[in-house]
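Comments concern the structure below.
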Amino acid sequence: HPDVAPLPPATPCASGVKLLRGVPYAVPEGGRPLELDLWLPPAAAEGPVPVVLCVHGGAWRRGRREDIGFRMREWNPGPFARLAASGVAVASADYRLSGEATFPAPLDDLRAALRWLGLRSGELGLDTARTVVWGESAGGHLASLLALTVTDPAPVGAVVWYGPSDLTTPRGGFDPHSDASPEALLLGAAPADVPEAARAASPVAHVRTGAPPFLLVHGERDTMVSRSHSEELAARLRESGVPVELRYVPGADHGWYGASDAQVEDVFQRSLRFVRSPSRGAE
């Protein structure tokens, strides 16, 4: 069982980072075993290290846990190794896709990943009371829900890149009456036909006083997920007194398409600073 199974051997990487690849963390009833990759920072004397749970995108339909966006696929070292080299552990997790199970299955899976990290934190040297969730696109949507609904222990921050926040209202090209949209495949029906499920899957509906700080970053010209998703989520968070920083990337479409390399690097560095100090980063 993943709760007690021996951990795989760690592979040394650049800068003293160690990688545990393909660690099982849960086995959903009737589903495939779910795995995560765990990037551990160089050994340090200061004790347990904070954690980032990274959630890949792919319209809830596809995607790989190794990926946090196509603009960073050729980085060497990659983004996860760079995060770990800065002193934080990184868990990049599988979750069930919409062809396997409908919502809330993927959210349940990521909650299980957080639980597993807490359970095994002692042997891994993790301080899961300092966990930040980070996602892009569909992964940003799930990261938002994790930050707004998980309370034991609650994540201390959320980094969300161009994530959907509302599955109930027409925005850009999204039509809640369509039964063929990625959102419909996630829910198992057109969002307009299952309004309670659509609301349950909408981060804007879960904003609460006391939620952790958010960093929202969106391309100004996003044609797949309207930037109004981030704008409304930011407004709801501010109304509830939650620290939030909303940043736009000029000229960028979804996935940072059209952004310069310097702009992508700036987004990553800004996100890294937030991870290292969420409360200060959202001031």
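Within each chain, counting starts at residue 1; across the structure tokens, chains are named A, B, ... in the order shown, with ligands numbered 1 upward in that order.
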TODO: Mind checking which residues fall within 7 Å of stretch 66-79 of chain A, counting only C-alpha atoms, ignoring those fewer than 2 positions away in the same chain, and posting them as JSON, numbers by chain?
DONE: {"A": [56, 64, 81, 82, 83, 92, 136, 255, 256]}
Would you tabulate, counting only C-alpha atoms, all residues of stretch 51-82 of chain A that have an atom at most 12 Å from an atom of stretch 164-174 of chain A, showing the closest pair of atoms and their distance in Å to one decimal, sorted by chain then ascending number, as CSV?
```
residue,atom,partner,partner_atom,distance
A:Gly57,CA,A:Pro164,CA,10.9
A:Ala59,CA,A:Pro164,CA,9.8
A:Trp60,CA,A:Pro164,CA,11.2
```
Open item on the list: Just want the 7 Å neighbourhood of A:Phe103, counted on only C-alpha atoms, with same-chain residues fewer than 2 positions away dropped. Output as an MDAnalysis selection string.
Closed with: chainID A and resid 101 105:106 186:187
TODO: May I have all residues of stretch 40-257 of chain A that DSSP, computed from the backbone, assigns to strand (DSSP E), given as a PyMOL selection string?
DONE: chain A and resi 40+49-55+89-93+126-136+157-161+214-219+244-249
Within 6 Å of stretch 38-48 of chain A, which residues of stretch 90-171 of chain A come that close, and what is the closest atom pair and distance in Å for each? Count only C-alpha atoms and give it as a Markdown table.
```
| residue | atom | partner | partner_atom | distance |
| --- | --- | --- | --- | --- |
| A:Val90 | CA | A:Trp39 | CA | 5.0 |
| A:Ala91 | CA | A:Leu38 | CA | 4.6 |
| A:Gly125 | CA | A:Pro48 | CA | 4.6 |
| A:Leu126 | CA | A:Pro48 | CA | 4.7 |
| A:Asp127 | CA | A:Pro48 | CA | 5.0 |
```
